[in-house]
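Undergrad: coords-v1.csv is reproduced in full below (CSV, C-alpha atoms).
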```csv
chain,number,residue,atom,x,y,z
A,1,MET,CA,-39.3,-16.0,-31.8
A,2,THR,CA,-40.7,-13.9,-29.1
A,3,VAL,CA,-42.8,-14.9,-26.1
A,4,PRO,CA,-46.2,-13.4,-26.2
A,5,PRO,CA,-47.3,-11.3,-23.3
A,6,LEU,CA,-49.1,-13.4,-20.6
A,7,ARG,CA,-51.3,-12.4,-17.8
A,8,VAL,CA,-49.9,-12.4,-14.4
A,9,LEU,CA,-52.0,-14.4,-12.0
A,10,PRO,CA,-52.5,-13.2,-8.4
A,11,LEU,CA,-50.4,-14.8,-5.8
A,12,SER,CA,-53.2,-16.9,-4.3
A,13,SER,CA,-54.1,-18.5,-7.6
A,14,GLU,CA,-51.7,-21.3,-7.3
A,15,PRO,CA,-51.6,-23.7,-4.4
A,16,GLY,CA,-48.3,-23.9,-2.6
A,17,LEU,CA,-46.9,-20.7,-4.0
A,18,ALA,CA,-48.0,-18.4,-1.2
A,19,GLU,CA,-46.3,-20.8,1.3
A,20,ALA,CA,-43.2,-20.8,-0.8
A,21,VAL,CA,-43.1,-17.0,-0.8
A,22,ASP,CA,-43.6,-16.9,2.9
A,23,ALA,CA,-40.8,-19.3,3.4
A,24,GLU,CA,-38.5,-17.2,1.2
A,25,ALA,CA,-39.5,-14.1,3.0
A,26,ASP,CA,-38.4,-15.7,6.2
A,27,GLY,CA,-35.1,-16.7,4.7
A,28,GLY,CA,-36.2,-20.2,3.9
A,29,SER,CA,-34.8,-22.9,6.0
A,30,TRP,CA,-31.6,-20.9,6.5
A,31,ALA,CA,-33.4,-18.8,9.0
A,32,ALA,CA,-32.8,-21.3,11.7
A,33,ASP,CA,-30.5,-20.1,14.4
A,34,THR,CA,-27.7,-22.3,13.3
A,35,PRO,CA,-24.2,-22.1,14.8
A,36,CYS,CA,-21.5,-20.6,12.5
A,37,ASP,CA,-19.1,-23.5,12.1
A,38,ARG,CA,-17.9,-25.8,9.5
A,39,ALA,CA,-20.5,-28.5,10.2
A,40,ALA,CA,-23.3,-26.0,9.9
A,41,LEU,CA,-22.0,-24.7,6.6
A,42,THR,CA,-21.6,-28.2,5.3
A,43,ALA,CA,-25.2,-29.0,6.2
A,44,LEU,CA,-26.3,-25.9,4.5
A,45,TYR,CA,-24.3,-26.3,1.3
A,46,ALA,CA,-26.7,-28.5,-0.7
A,47,GLU,CA,-29.6,-26.0,-0.2
A,48,LEU,CA,-27.6,-22.8,-0.3
A,49,ALA,CA,-25.3,-23.4,-3.2
A,50,PRO,CA,-27.9,-23.4,-6.0
A,51,ALA,CA,-29.3,-20.1,-4.6
A,52,VAL,CA,-25.9,-18.6,-4.4
A,53,ARG,CA,-25.1,-19.7,-7.9
A,54,ARG,CA,-28.3,-18.1,-9.2
A,55,PHE,CA,-27.4,-14.9,-7.4
A,56,LEU,CA,-24.0,-14.9,-9.0
A,57,ARG,CA,-25.4,-15.7,-12.4
A,58,ASP,CA,-27.8,-12.8,-12.1
A,59,LEU,CA,-24.9,-10.5,-11.1
A,60,LEU,CA,-22.3,-11.7,-13.6
A,61,GLY,CA,-24.6,-12.6,-16.5
A,62,ASP,CA,-22.5,-15.6,-17.3
A,63,ASP,CA,-23.0,-19.2,-16.3
A,64,ALA,CA,-19.4,-20.3,-16.5
A,65,LEU,CA,-18.2,-17.3,-14.5
A,66,ALA,CA,-20.9,-17.9,-12.0
A,67,ALA,CA,-19.7,-21.4,-11.5
A,68,ASP,CA,-16.2,-20.2,-10.9
A,69,ALA,CA,-17.4,-17.6,-8.5
A,70,LEU,CA,-19.6,-20.1,-6.6
A,71,GLN,CA,-16.6,-22.3,-6.0
A,72,GLU,CA,-14.4,-19.4,-4.9
A,73,ALA,CA,-17.1,-18.1,-2.6
A,74,PHE,CA,-17.6,-21.4,-0.8
A,75,VAL,CA,-13.9,-22.1,-0.5
A,76,ARG,CA,-13.5,-18.7,1.2
A,77,ALA,CA,-16.6,-19.4,3.3
A,78,PHE,CA,-15.2,-22.7,4.6
A,79,ARG,CA,-11.9,-21.2,5.4
A,80,ARG,CA,-13.4,-18.3,7.4
A,81,VAL,CA,-16.5,-19.8,8.8
A,82,GLU,CA,-15.0,-20.1,12.3
A,83,THR,CA,-14.5,-16.3,12.3
A,84,VAL,CA,-18.1,-15.4,11.8
A,85,PRO,CA,-19.5,-13.4,14.7
A,86,ARG,CA,-22.1,-15.0,16.9
A,87,GLY,CA,-25.7,-14.2,15.8
A,88,THR,CA,-24.8,-13.9,12.2
A,89,ARG,CA,-27.0,-15.8,9.8
A,90,LEU,CA,-24.7,-18.1,7.9
A,91,ALA,CA,-26.6,-17.8,4.6
A,92,ALA,CA,-26.6,-14.0,4.6
A,93,TRP,CA,-22.8,-14.1,5.4
A,94,VAL,CA,-22.2,-16.4,2.4
A,95,PHE,CA,-24.2,-14.2,0.1
A,96,GLY,CA,-21.9,-11.3,1.2
A,97,ILE,CA,-18.8,-13.3,0.3
A,98,ALA,CA,-20.4,-14.2,-3.0
A,99,ARG,CA,-21.1,-10.6,-3.7
A,100,ASN,CA,-17.4,-9.7,-3.0
A,101,VAL,CA,-16.2,-12.5,-5.2
A,102,SER,CA,-18.5,-11.3,-8.1
A,103,LEU,CA,-17.0,-7.8,-7.8
A,104,GLU,CA,-13.5,-9.2,-7.9
A,105,LEU,CA,-14.2,-11.3,-11.0
A,106,ARG,CA,-15.9,-8.5,-12.7
A,107,ARG,CA,-12.9,-6.2,-12.1
A,108,ALA,CA,-10.5,-8.9,-13.1
A,109,ARG,CA,-12.3,-9.6,-16.4
A,110,GLY,CA,-13.1,-6.1,-17.2
A,111,ARG,CA,-16.8,-6.6,-17.3
A,112,ALA,CA,-17.8,-3.6,-15.4
A,113,ARG,CA,-20.3,-2.4,-17.9
A,114,ARG,CA,-21.8,-5.7,-18.7
A,115,VAL,CA,-25.5,-6.2,-18.4
A,116,LEU,CA,-27.7,-9.1,-19.0
A,117,VAL,CA,-28.5,-9.1,-22.6
A,118,GLU,CA,-30.2,-12.4,-23.1
A,119,ASP,CA,-33.3,-12.1,-25.2
A,120,ASP,CA,-36.6,-13.5,-24.2
A,121,ALA,CA,-36.5,-16.3,-26.6
A,122,ARG,CA,-33.3,-17.6,-25.2
A,123,LEU,CA,-34.6,-17.2,-21.7
A,124,ALA,CA,-37.8,-19.1,-22.6
A,125,CYS,CA,-35.6,-22.0,-23.9
A,126,ARG,CA,-33.7,-22.0,-20.6
A,127,VAL,CA,-36.7,-22.4,-18.5
A,128,ALA,CA,-36.9,-25.8,-16.9
A,129,ASP,CA,-39.2,-28.3,-18.6
A,130,VAL,CA,-41.1,-29.7,-15.7
A,131,ARG,CA,-43.8,-31.9,-16.9
A,132,ALA,CA,-45.3,-32.3,-13.5
A,133,ARG,CA,-46.5,-28.7,-13.5
A,134,SER,CA,-49.6,-27.7,-15.3
A,135,PRO,CA,-49.2,-25.9,-18.6
A,136,GLU,CA,-50.6,-22.8,-17.1
A,137,THR,CA,-48.1,-22.9,-14.3
A,138,GLN,CA,-45.3,-23.5,-16.6
A,139,LEU,CA,-46.4,-20.5,-18.7
A,140,LEU,CA,-46.6,-18.3,-15.7
A,141,ASP,CA,-43.2,-19.3,-14.5
A,142,ARG,CA,-41.8,-18.6,-18.0
A,143,GLU,CA,-43.4,-15.3,-17.9
A,144,ALA,CA,-41.8,-14.5,-14.5
A,145,VAL,CA,-38.4,-15.4,-15.9
A,146,VAL,CA,-38.9,-12.9,-18.7
A,147,VAL,CA,-40.2,-10.1,-16.7
A,148,VAL,CA,-37.7,-10.3,-13.9
A,149,THR,CA,-34.8,-10.7,-16.2
A,150,ARG,CA,-35.9,-7.6,-18.2
A,151,ALA,CA,-36.2,-5.6,-15.0
A,152,LEU,CA,-32.8,-6.8,-13.7
A,153,ALA,CA,-31.2,-5.8,-17.0
A,154,HIS,CA,-32.2,-2.2,-16.4
A,155,LEU,CA,-30.7,-2.0,-13.0
A,156,PRO,CA,-27.1,-1.0,-12.1
A,157,GLU,CA,-25.1,-3.9,-10.6
A,158,ASP,CA,-25.3,-2.6,-7.0
A,159,ARG,CA,-29.0,-2.0,-7.0
A,160,ARG,CA,-29.6,-5.3,-8.8
A,161,ALA,CA,-27.7,-7.2,-6.1
A,162,ALA,CA,-29.7,-5.5,-3.3
A,163,LEU,CA,-33.0,-6.3,-5.0
A,164,LEU,CA,-32.0,-9.9,-5.5
A,165,LEU,CA,-30.9,-10.3,-1.9
A,166,ARG,CA,-34.2,-8.9,-0.7
A,167,LEU,CA,-36.8,-10.4,-3.1
A,168,ASP,CA,-35.0,-13.5,-4.4
A,169,HIS,CA,-33.1,-14.6,-1.4
A,170,GLY,CA,-35.1,-13.2,1.5
A,171,LEU,CA,-32.4,-11.3,3.4
A,172,SER,CA,-33.5,-8.6,5.8
A,173,TYR,CA,-32.5,-5.0,5.3
A,174,ASP,CA,-29.9,-5.3,8.1
A,175,GLU,CA,-28.3,-8.4,6.5
A,176,ILE,CA,-28.2,-6.7,3.1
A,177,ALA,CA,-26.6,-3.7,4.6
A,178,ARG,CA,-23.8,-5.9,6.1
A,179,ALA,CA,-23.4,-7.9,2.9
A,180,MET,CA,-23.2,-4.8,0.7
A,181,GLY,CA,-21.3,-2.7,3.1
A,182,TRP,CA,-24.0,0.0,3.0
A,183,SER,CA,-25.9,1.9,5.6
A,184,LEU,CA,-29.4,0.8,6.4
A,185,SER,CA,-31.0,3.9,4.8
A,186,LYS,CA,-29.0,3.4,1.6
A,187,VAL,CA,-30.2,-0.2,1.4
A,188,LYS,CA,-33.9,1.0,1.7
A,189,VAL,CA,-33.5,3.6,-0.9
A,190,GLU,CA,-31.7,1.3,-3.4
A,191,ILE,CA,-34.3,-1.4,-3.0
A,192,PHE,CA,-37.2,1.1,-3.2
A,193,ARG,CA,-35.8,2.4,-6.5
A,194,ALA,CA,-35.1,-1.1,-7.8
A,195,ARG,CA,-38.7,-2.1,-7.0
A,196,GLU,CA,-39.9,0.9,-8.9
A,197,VAL,CA,-38.1,-0.4,-12.0
A,198,LEU,CA,-39.5,-3.9,-11.4
A,199,ARG,CA,-43.0,-2.5,-11.2
A,200,ALA,CA,-42.5,-0.4,-14.3
A,201,THR,CA,-41.3,-3.4,-16.2
A,202,LEU,CA,-44.2,-5.4,-15.0
A,203,ASP,CA,-46.7,-2.7,-16.0
A,204,ALA,CA,-45.1,-2.4,-19.4
A,205,TYR,CA,-45.4,-6.2,-19.8
A,206,ARG,CA,-49.0,-6.2,-18.8
A,207,GLY,CA,-49.7,-3.5,-21.3
A,208,GLY,CA,-48.1,-5.5,-24.0
A,209,VAL,CA,-45.2,-3.1,-24.5
A,210,PRO,CA,-42.2,-5.2,-25.3
B,1,MET,CA,-49.6,-1.4,11.2
B,2,SER,CA,-50.2,1.6,9.0
B,3,ARG,CA,-52.1,1.2,5.8
B,4,GLU,CA,-49.1,2.3,3.7
B,5,ARG,CA,-46.9,-0.3,5.3
B,6,TRP,CA,-49.6,-3.0,4.9
B,7,LEU,CA,-49.9,-2.1,1.2
B,8,ASP,CA,-46.1,-2.1,0.7
B,9,GLU,CA,-45.8,-5.5,2.3
B,10,ALA,CA,-48.5,-6.9,0.1
B,11,LEU,CA,-46.8,-5.4,-2.9
B,12,GLU,CA,-43.5,-6.9,-1.9
B,13,ALA,CA,-45.0,-10.3,-1.3
B,14,SER,CA,-46.4,-10.2,-4.9
B,15,GLU,CA,-43.0,-9.2,-6.2
B,16,ARG,CA,-41.3,-11.9,-4.2
B,17,ALA,CA,-43.8,-14.4,-5.7
B,18,LEU,CA,-42.5,-13.4,-9.1
B,19,PHE,CA,-39.0,-14.3,-8.0
B,20,VAL,CA,-40.1,-17.5,-6.5
B,21,ARG,CA,-41.8,-18.4,-9.8
B,22,ARG,CA,-38.6,-17.5,-11.7
B,23,ALA,CA,-36.4,-19.5,-9.4
B,24,ARG,CA,-38.7,-22.5,-9.8
B,25,ALA,CA,-38.7,-22.1,-13.6
B,26,LEU,CA,-35.0,-21.8,-14.1
B,27,PRO,CA,-33.2,-25.1,-14.6
B,28,SER,CA,-31.6,-26.2,-11.4
B,29,PRO,CA,-28.0,-25.2,-11.6
B,30,SER,CA,-25.3,-27.8,-11.0
B,31,VAL,CA,-23.1,-27.1,-8.1
B,32,PRO,CA,-19.6,-28.3,-7.4
B,33,ASP,CA,-19.2,-31.3,-5.2
B,34,LEU,CA,-18.8,-30.4,-1.6
B,35,GLY,CA,-15.7,-32.6,-1.3
B,36,ALA,CA,-14.0,-30.7,-4.0
B,37,ILE,CA,-14.8,-27.4,-2.2
B,38,LEU,CA,-13.5,-28.7,1.1
B,39,ALA,CA,-10.4,-30.0,-0.5
B,40,ALA,CA,-9.8,-26.7,-2.2
B,41,ALA,CA,-10.3,-24.9,1.1
B,42,GLU,CA,-7.8,-27.2,2.8
B,43,ALA,CA,-5.3,-26.9,0.0
B,44,ARG,CA,-5.2,-23.2,0.1
B,45,PRO,CA,-2.5,-22.0,2.4
B,46,ARG,CA,-3.9,-20.7,5.6
B,47,ARG,CA,-2.8,-17.4,7.0
B,48,ASN,CA,-0.8,-17.9,10.1
B,49,PRO,CA,-2.3,-15.8,12.9
B,50,GLY,CA,1.2,-15.0,14.2
B,51,MET,CA,2.1,-13.9,10.7
B,52,ARG,CA,-0.5,-11.2,10.7
B,53,ALA,CA,0.8,-9.9,14.1
B,54,ARG,CA,4.3,-9.9,12.7
B,55,ALA,CA,3.2,-8.0,9.6
B,56,GLY,CA,1.5,-5.5,11.8
B,57,ALA,CA,4.6,-5.1,14.0
B,58,LEU,CA,6.7,-4.7,10.9
B,59,ALA,CA,4.4,-2.0,9.6
B,60,VAL,CA,4.5,-0.1,12.8
B,61,LEU,CA,8.3,-0.3,13.0
B,62,SER,CA,8.5,0.9,9.4
B,63,LEU,CA,6.3,3.9,10.3
B,64,VAL,CA,8.4,4.7,13.4
B,65,ALA,CA,11.6,4.5,11.4
B,66,ALA,CA,10.2,6.7,8.7
B,67,ALA,CA,9.1,9.2,11.3
B,68,ALA,CA,12.5,9.2,12.9
B,69,VAL,CA,14.2,9.8,9.6
B,70,LEU,CA,11.8,12.6,8.8
B,71,PHE,CA,12.5,14.1,12.3
B,72,VAL,CA,16.2,14.0,11.9
B,73,VAL,CA,16.1,15.5,8.4
B,74,THR,CA,13.8,18.3,9.5
B,75,ALA,CA,15.8,19.0,12.6
B,76,SER,CA,19.0,19.1,10.6
B,77,ALA,CA,17.5,21.5,8.1
B,78,LEU,CA,16.3,23.8,10.9
B,79,THR,CA,19.6,23.8,12.7
B,80,LYS,CA,21.4,24.6,9.5
B,81,HIS,CA,19.0,27.4,8.8
B,82,GLU,CA,19.5,28.8,12.3
B,83,ARG,CA,23.2,28.7,12.0
B,84,GLY,CA,23.2,30.5,8.7
B,85,THR,CA,21.0,33.4,9.9
B,86,ARG,CA,22.1,33.7,13.5
B,87,ALA,CA,23.1,37.3,14.2
B,88,ILE,CA,25.6,38.3,16.9
B,89,LEU,CA,24.5,41.4,18.6
B,90,ALA,CA,27.3,42.8,20.7
B,91,ASP,CA,29.4,45.8,21.1
B,92,GLU,CA,32.8,45.9,19.6
B,93,GLY,CA,35.4,44.1,21.6
B,94,ASP,CA,32.9,42.2,23.5
B,95,ALA,CA,34.7,39.2,25.0
B,96,SER,CA,31.7,37.0,24.8
B,97,VAL,CA,31.7,37.1,21.0
B,98,PRO,CA,33.0,33.8,19.7
B,99,LEU,CA,36.3,33.7,17.8
B,100,GLY,CA,35.8,34.0,14.1
B,101,ALA,CA,32.5,35.7,14.3
B,102,ALA,CA,31.9,38.0,11.4
B,103,TRP,CA,31.2,41.7,11.9
B,104,THR,CA,30.3,42.5,8.4
B,105,SER,CA,26.8,43.4,9.2
B,106,TYR,CA,27.6,45.5,12.2
B,107,GLU,CA,27.2,49.1,11.6
B,108,PRO,CA,26.9,50.9,14.9
B,109,ALA,CA,24.6,53.9,15.0
B,110,VAL,CA,26.6,56.9,15.9
B,111,CYS,CA,25.7,60.5,16.3
B,112,GLU,CA,27.1,63.5,14.5
B,113,PRO,CA,29.0,66.0,16.7
B,114,GLY,CA,26.6,68.1,18.7
B,115,ALA,CA,23.7,65.7,18.3
B,116,GLU,CA,21.5,64.4,21.0
B,117,GLU,CA,22.2,61.4,23.1
B,118,PRO,CA,23.3,58.4,21.0
B,119,GLY,CA,20.5,55.9,20.3
B,120,SER,CA,17.8,58.4,20.6
B,121,GLY,CA,17.0,58.0,16.9
B,122,ASP,CA,16.7,61.0,14.7
B,123,ALA,CA,20.2,62.5,14.9
B,124,CYS,CA,22.0,59.2,14.6
B,125,VAL,CA,23.3,57.8,11.4
B,126,ALA,CA,25.0,54.6,10.4
B,127,VAL,CA,28.7,54.6,10.0
B,128,PRO,CA,29.5,54.3,6.3
B,129,ALA,CA,31.9,51.6,5.2
B,130,SER,CA,34.5,54.1,4.4
B,131,LEU,CA,34.8,54.9,8.1
B,132,LEU,CA,35.4,51.3,9.1
B,133,ILE,CA,39.0,50.8,10.0
B,134,ALA,CA,40.5,47.4,10.8
B,135,SER,CA,42.8,47.8,13.7
B,136,SER,CA,45.7,45.6,14.6
B,137,ASP,CA,43.6,43.1,16.6
B,138,GLY,CA,41.6,42.4,13.4
B,139,ILE,CA,38.4,43.8,14.7
B,140,PRO,CA,36.9,46.4,12.5
B,141,ARG,CA,36.1,49.6,14.3
B,142,ALA,CA,34.1,52.6,13.4
B,143,CYS,CA,35.7,56.0,13.4
B,144,VAL,CA,33.7,59.2,13.1
B,145,GLU,CA,36.7,61.4,12.4
B,146,PRO,CA,39.7,59.5,11.0
B,147,LEU,CA,43.0,61.1,11.2
B,148,GLU,CA,44.6,59.2,8.5
B,149,PRO,CA,43.2,58.0,5.2
B,150,ALA,CA,45.1,54.7,5.6
B,151,PRO,CA,42.5,52.1,6.7
B,152,ASN,CA,45.0,49.6,8.2
B,153,ALA,CA,46.9,51.6,10.7
B,154,ASP,CA,48.7,49.6,13.4
B,155,ASP,CA,47.5,51.7,16.2
B,156,PHE,CA,43.8,52.5,16.0
B,157,ALA,CA,44.2,55.4,18.4
B,158,LEU,CA,46.5,57.1,16.0
B,159,THR,CA,44.1,56.8,13.1
B,160,CYS,CA,40.9,57.9,14.8
B,161,ARG,CA,40.3,61.1,16.5
B,162,ARG,CA,36.9,60.2,17.7
B,163,GLU,CA,35.2,56.8,18.0
B,164,PRO,CA,31.4,56.6,17.9
B,165,GLU,CA,29.7,56.3,21.1
B,166,MET,CA,28.3,52.8,21.1
B,167,SER,CA,24.8,51.9,22.0
B,168,SER,CA,23.8,48.4,22.6
B,169,PRO,CA,21.5,47.2,19.9
```
For the file at hand, write its structure as structure tokens.
TA:
Amino acid sequence: MTVPPLRVLPLSSEPGLAEAVDAEADGGSWAADTPCDRAALTALYAELAPAVRRFLRDLLGDDALAADALQEAFVRAFRRVETVPRGTRLAAWVFGIARNVSLELRRARGRARRVLVEDDARLACRVADVRARSPETQLLDREAVVVVTRALAHLPEDRRAALLLRLDHGLSYDEIARAMGWSLSKVKVEIFRAREVLRATLDAYRGGVP
Amino acid sequence: MSRERWLDEALEASERALFVRRARALPSPSVPDLGAILAAAEARPRRNPGMRARAGALAVLSLVAAAAVLFVVTASALTKHERGTRAILADEGDASVPLGAAWTSYEPAVCEPGAEEPGSGDACVAVPASLLIASSDGIPRACVEPLEPAPNADDFALTCRREPEMSSP
């Protein structure tokens, strides 16, 4: 069973989405200038952990592995939170740890060449069944899952991580550079190329090309 | 703001909207209980700050020891090399020559009778080994005109009519 191509509505077509995008672009509620200590991380955990798990799942392509990585990342974060330099945004720092943990797990389990291979039908089944949303919204959301996952599957792991940190988790280029251990110019180039792939995937989807 | 930048930001906003939709659509993942995370963090042995300093000091000491060993080995090899190739340049019978010094490579340049001043170059020839005569004091001496064929005469003066004129090397 395949999901038929759907039209992509403009951003302003749905109430609340534009505000959500703006909030994400600003780093969500993590953007607040919170102190880097155990209490701050504890307060952030409930909101940050699902996002970090999604990030890890996108990198590792495996739910169970992502769950292990999430636990390891936060254990490390809680042990080292007192060492975070002043002015560092805690969420960006945790994403950096998560990225390192994912690399370690990938190496340990020999999954260096693994890419996301889930087909669209499986993805469609995984989409949350939220009855409160209109059928059109649910359809569009499902479409977003398919398109984004297809694009991510075509990206090398490093570039995928950079794109996710930028577009999915709203980190700034500076924060991504720190999290990835890259120069700022490399971050910009990698994200630019990743966005090209995303746009190409979107164009192909709009044109009905599977 | 330039037009290109404005367009890029608009494009990025639409791409971000795609990710927001996706995040909203995916089932909310379960996350471990915070208490479990904190307990795991506490249970993990902490690195002692002093331990890191001690490890650093140990590493530095190891490096210093390795450098010292390398220095000693190199110096020893160089000294041995110098000893093996050191040449003693001296005239025969030179009192400053240490006891036991070998003279095997010493072939004083001498001049044939009637030649120019010794050491000037062209007319001088090395004394062949057949003209080296060991005298009673154990020091081999060169003789241009030996009187006797016996190479081990007790009195050097009796075996050699004319000694080469020596020139300092």
Undergrad: I'd like a table as a tab-separated table: residues in chain B with an atom no more than 6 Å from chain A, each row giving the shortest atom pair and its distance in Å to one decimal, all atoms listed in the file counted, sorted by chain and rising residue number.
TA:
```
residue	atom	partner	partner_atom	distance
B:Arg16	CA	A:Leu167	CA	4.9
B:Ala17	CA	A:Val21	CA	5.6
B:Leu18	CA	A:Ala144	CA	5.6
B:Phe19	CA	A:Asp168	CA	5.4
B:Arg21	CA	A:Asp141	CA	5.0
B:Arg22	CA	A:Val145	CA	4.7
B:Ala25	CA	A:Ala128	CA	5.3
B:Leu26	CA	A:Val127	CA	4.8
B:Pro27	CA	A:Ala128	CA	4.4
B:Pro29	CA	A:Pro50	CA	5.9
B:Ile37	CA	A:Val75	CA	5.6
B:Ala41	CA	A:Val75	CA	4.8
```
Undergrad: Between CA of Val101 (chain A) and CA of Leu165 (chain A), measure the distance and give it in Å to one decimal.
TA: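 CA of Leu165 (chain A) lies 15.2 Å from CA of Val101 (chain A).
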Undergrad: Which is closest to Ala151 (chain A) among A:Lys188, A:Arg193, A:Arg133, A:Arg109, if we use only C-alpha atoms?
TA: A:Arg193
Undergrad: May I have the residues at most 12 Å from (-26.1, -12.8, 6.9) in the file's coordinates, counting all atoms listed in the file, as a PyMOL selection string?
TA: chain A and resi 27+30-34+36+84-99+165-166+169-181
Undergrad: What's the separation between CA of Leu63 (chain B) and CA of Arg46 (chain B), in Å to one decimal place?
TA: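 Separation of CA of Leu63 (chain B) and CA of Arg46 (chain B): 27.0 Å.
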Undergrad: Could you work out how far CA of Asn100 (chain A) lies from CA of Leu65 (chain A), giving the answer in Å with one decimal?
TA: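 Computing it gives 13.8 Å between the two atoms.
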Undergrad: Counting only C-alpha atoms, figure out which residue out of A:Arg150, A:Asp37, A:Gly61, A:Ala108 gets nearest to Ala204 (chain A).
TA: A:Arg150
